[in-house]
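J.: First the structure, then my questions, so here it is.
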Number of protein chains: 2
Amino acid sequence: MKKKGELVSFRPDIKVVDCTLRDGGLVNNFFFTDEFVKDLYKTNIKSGIDYMEFGYKASKEQFDTSKFGKWKFCNDDDIRAIVGDNDTDLKISVMADVGRTDFRNDITDKANSPIDMVRVATYINTIPSALEIVEYCNKKGYETSINIMAVSKSNDMDLDDALNLIGMSCVDEIYIVDSYGSLYPEQLRRLAEKYLDIGEKYNKKIGIHAHNNQQLAFANTIETLTMGVSYLDSTICSLGRGAGNCPTELLLGFLKNPKYHITPLLRFIEEHIVPLKEEGLIWGYDIPYLLTGRLNLHPRDAIQFTHDKRTDYAEFFHFLYDRNI
Amino acid sequence: MKKKGELVSFRPDIKVVDCTLRDGGLVNNFFFTDEFVKDLYKTNIKSGIDYMEFGYKASKEQFDTSKFGKWKFCNDDDIRAIVGDNDTDLKISVMADVGRTDFRNDITDKANSPIDMVRVATYINTIPSALEIVEYCNKKGYETSINIMAVSKSNDMDLDDALNLIGMSCVDEIYIVDSYGSLYPEQLRRLAEKYLDIGEKYNKKIGIHAHNNQQLAFANTIETLTMGVSYLDSTICSLGRGAGNCPTELLLGFLKNPKYHITPLLRFIEEHIVPLKEEGLIWGYDIPYLLTGRLNLHPRDAIQFTHDKRTDYAEFFHFLYDRNI
């Protein structure tokens with residue numbers, strides 16, 4: 001097994017990417033208050049976080065802007081209203097989904113934008129479309145990543161081909177994405193080895209985006225980072241779709257770089273996350289997500305089950321099981 | 001790294017030890033209804049669980065029997081009222097804490113008892129007392145284990161000496177216990193290697209008892225089992241002190257032995273665990289437990305903080321931090 005770094009030291013190549021707004025927006029349709037977003041921005045700066053992802057660059061043709069908060073669209077002006085000129089070390093990222101973005105209209109020159117990085121989310125069968133977006137954004141001056149979703153559904157041969165294709169592109173980072181939270185550390189270490197080999201061959205950084213369906217998001221993140229993965233996605237208190245993500249507060253507890261500070265995060269949790277829970281927003285590990293994760297399924301049925309306040313877990317498991325075969 | 005078994009196969013030497021009553025009893029002072037205990041017993045049988053731990057053999061001199069439910073004392077008759085002659089494959093265990101048990105009075109011949117195994121919990125500085133109990137119980141006919149608690153506080157030299165001492169005894173199993181939930185998979189793999197070497201040398205099985213302070217109980221359990229650890233402690237829905245334990249429902253999802261079944265567990269969760277939560281019993285991963293885990297501290301302050309319904313996490317962190325140095 002590859003190993004990079006020791007438990008008592010730190011690796012300066014590690015970057016923590018806060019996805020609280022972007023993945024959390026999938027829980028509340030991106031309706032965050034400006035105060036929440038401003039305080040999150042300040043918290044990330046104080047905590048030493050490296051990137052803050054504000055949301056998606058979603059197509060306004062395809063999505064009704066009145067039905068979503070502004071962070072589904074991430075207009076440059078809306079970001080600027082929060083960050084001004086962002087004269088800080090915190091970089092700003094947005095995500096563009098293949099097939100759901102009018103990138104040629106909505107992503108302008110980096111020189112005129114507060115955004116630093118565009119991350120392109122794709123399934124394995126739409127890599128060429130992802131590369132088109134990456135090349136466009138690269139020319140416009142942005143750092144870029146390709147995030148291959150649902151890798152637990154891909155076969156090895158397709159994945160090898162995809163990684164080589166991406167390797168030859170101008171993209172900066174390639175992400176392992178365990179969309180369904182179905183992968184065990186042993187499996188993710190094998191995947192990380194594959195991605196890191198490609199990264200070494202083509203000079204790309206490798207990232208990890210984990211989901212917490214089996215309470216493994218944090219474990220999978222630290223296990224792959226120990227091997228050399230360096231871009232680490234996390235969200236405060238796991239806030240994110242379904243079972244949520246790797247919790248930033250756990251991740252910063254593991255990282256030894258003295259630039260990371262947990263106290264601002266704890267204050268943000270007190271002031272903003274506790275109220276979100278009290279208002280009734282629901283996310284995070286629970287039995288229904290364990291079941292979709294275990295069966296390597298999209299969490300949508302578990303989200304509906306949770307929304308319906310059902311607790312007939314055995315019945316739900318058999319429903320999923322029948323659907324899976 | 002040692003590796004025993006493959007992800008797609010199963011190891012018949014694996015034993016799952018249900019600690020729901022014993023570790024869960026630390027949350028509600030062992031006041032479980034008989035219906036809960038009977039249904040848990042039936043659930044464990046149907047799920048293929050190997051051992052069910054009913055509780056402690058605590059001294060009635062030291063503890064007021066009116067202040068605790070009966071599973072703190074585990075009289076043979078109380079167990080028999082649940083299991084009859086226990087004519088099943090499920091074995092029954094109890095725990096005896098060094099210094100808190102009148103084992104010579106309260107543990108009789110195995111021939112007259114429904115109990116199969118006595119597990120002895122000890123800190124590293126009371127190993128001789130633990131061995132005294134083990135030798136007594138072994139002579140009485142019981143399977144025995146020694147569970148060295150708070151191993152994250154021990155130094156390597158003491159631990160090596162302790163393991164060799166235990167190795168030379170008649171004990172059957174030696175447990176790695178991450179009492180404070182402070183250990184990362186990388187650290188637990190190193191510990192597992194040490195324990196497994198001793199196990200090989202002295203012909204002992206090795207077990208793991210993990211806590212979920214950093215959402216690592218399941219990950220740490222499957223990582224060490226992959227190396228050869230074979231006795232796996234878990235509780236339904238993590239029910240246990242503080243952040244709780246490795247959740248049985250996750251563990252059975254990982255194990256491939258066809259004798260294990262998750263559906264009975266899911267039904268038990270619907271019928272018994274959901275009501276416990278609705279009644280207000282609180283356990284499981286939360287920010288205060290992450291903080292004690294990260295600082296390698298006993299969870300008692302986090303339990304009090306949670307009980308007091310406080311959410312001033314930053315303040316609490318600084319309190320713990322000051323106490324820790």
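Ordering of the structure tokens sets the chain letters (A, B, ...); residue numbers start at 1 within each chain; ligands are numbered from 1 in the order shown.
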Chain A residues within 8 Å of chain B, counting only C-alpha atoms: which ones, as an MDAnalysis selection string?
T.: chainID A and resid 1 185:186 214:216 218:219 223 250 253 263:264 266:267 269:270 274 290 294 311:314 317
J.: I'd like the contact shell of segment 155-162 of chain B - 12 Å cut-off, only C-alpha atoms, skipping same-chain residues fewer than 2 positions apart - returned as JSON, numbers by chain.
T.: {"B": [122, 123, 124, 125, 126, 127, 128, 130, 131, 146, 147, 148, 149, 150, 151, 152, 153, 164, 165, 166, 167, 168, 169, 174, 176, 190, 191, 193, 194, 195, 197, 198]}
J.: DSSP on the backbone: what in segment 48-133 of chain A comes out strand (DSSP E or B), as JSON, numbers by chain?
T.: {"A": [51, 52, 53, 54, 55, 56, 91, 92, 93, 94, 95, 96, 97, 117, 118, 119, 120, 121, 122]}
J.: Give me the residues near Lys67 of chain A as a compact mmCIF listing (two decimals) with N, CA, C and O atoms, in the first residue's frame, where near means some atom within 12 Å (using only C-alpha atoms) and where sequence neighbours in that chain fewer than 6 positions away do not count.
T.:
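Generated file (selection.txt):
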# COMPACT_ATOMS: atom_id res chain seq x y z
N ASN A 28 -31.73 21.81 0.89
CA ASN A 28 -32.71 22.90 1.09
C ASN A 28 -32.93 23.73 -0.18
O ASN A 28 -33.33 24.90 -0.09
N ASN A 29 -32.67 23.12 -1.34
CA ASN A 29 -32.81 23.83 -2.62
C ASN A 29 -32.05 25.16 -2.65
O ASN A 29 -32.48 26.12 -3.29
N PHE A 30 -30.95 25.20 -1.92
CA PHE A 30 -30.02 26.33 -1.96
C PHE A 30 -30.58 27.60 -1.31
O PHE A 30 -30.08 28.69 -1.54
N PHE A 31 -31.61 27.43 -0.47
CA PHE A 31 -32.17 28.60 0.21
C PHE A 31 -31.44 28.87 1.52
O PHE A 31 -31.97 28.65 2.61
N LYS A 60 -30.04 28.35 -16.41
CA LYS A 60 -31.31 29.05 -16.11
C LYS A 60 -32.38 28.74 -17.15
O LYS A 60 -33.54 29.11 -16.98
N PHE A 73 -27.14 28.78 -8.97
CA PHE A 73 -26.73 29.43 -10.23
C PHE A 73 -25.40 30.18 -10.09
O PHE A 73 -24.68 30.37 -11.06
J.: Using DSSP on the backbone coordinates, identify the residues of segment 10-158 of chain A assigned to helix (DSSP H, G or I); present them as JSON, numbers by chain.
T.: {"A": [20, 21, 22, 23, 24, 25, 26, 27, 28, 34, 35, 36, 37, 38, 39, 40, 41, 42, 43, 44, 45, 46, 47, 65, 66, 67, 70, 71, 72, 76, 77, 78, 79, 80, 81, 82, 83, 103, 104, 105, 106, 110, 111, 112, 124, 125, 126, 127, 128, 129, 130, 131, 132, 133, 134, 135, 136, 137, 138, 139, 140, 151, 152, 153, 156, 157, 158]}
J.: Give me the residues near segment 14-18 of chain A as a VMD selection string, where near means some atom within 6 Å (using only C-alpha atoms) and where sequence neighbours in that chain fewer than 2 positions away do not count.
T.: chain A and resid 11 to 12 20 49 to 53 230 to 235
J.: To one decimal in Å, tell me the separation between atom CA of Asn112 of chain A and atom CA of Tyr136 of chain A.
T.: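 Going from atom CA of Asn112 of chain A over to atom CA of Tyr136 of chain A, I get 15.5 Å.
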J.: What's around Ala96 of chain A at 8 Å? Count only C-alpha atoms, leave out sequence neighbours fewer than 6 positions away in its own chain, and write the answer as a ChimeraX atom specification.
T.: /A:56-58,103,118-121
J.: Return the single residue from A:Ser47, A:Ser154, A:Asn86, A:Ser238 that is closest to Val27 of chain A, with distances computed using only C-alpha atoms.
T.: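 The closest residue to Val27 of chain A is A:Ser238.
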J.: Can you pull out every residue within 6 Å of Lys204 of chain B, counting only C-alpha atoms, but drop anything in the same chain fewer than 5 positions away, and send it as a PDB file with N, CA, C and O atoms, in the first residue's frame?
T.:
ATOM      1  N   ASP B 172      -8.999 -17.111  26.605  1.00  0.00           N
ATOM      2  CA  ASP B 172      -9.255 -17.525  25.222  1.00  0.00           C
ATOM      3  C   ASP B 172      -9.114 -16.380  24.224  1.00  0.00           C
ATOM      4  O   ASP B 172      -8.603 -16.567  23.132  1.00  0.00           O
ATOM      5  N   GLU B 173      -9.602 -15.187  24.612  1.00  0.00           N
ATOM      6  CA  GLU B 173      -9.545 -14.054  23.684  1.00  0.00           C
ATOM      7  C   GLU B 173      -8.932 -12.825  24.349  1.00  0.00           C
ATOM      8  O   GLU B 173      -9.073 -12.625  25.550  1.00  0.00           O
ATOM      9  N   GLY B 199      -1.429 -13.267  19.585  1.00  0.00           N
ATOM     10  CA  GLY B 199      -2.449 -14.306  19.408  1.00  0.00           C
ATOM     11  C   GLY B 199      -1.884 -15.541  18.727  1.00  0.00           C
ATOM     12  O   GLY B 199      -2.194 -16.676  19.103  1.00  0.00           O
TER      13      GLY B 199
END
J.: Hey, can you check how far atom CA of Ser179 of chain B sits from atom CA of His307 of chain B?
T.: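 Separation between atom CA of Ser179 of chain B and atom CA of His307 of chain B: 19.8 Å.
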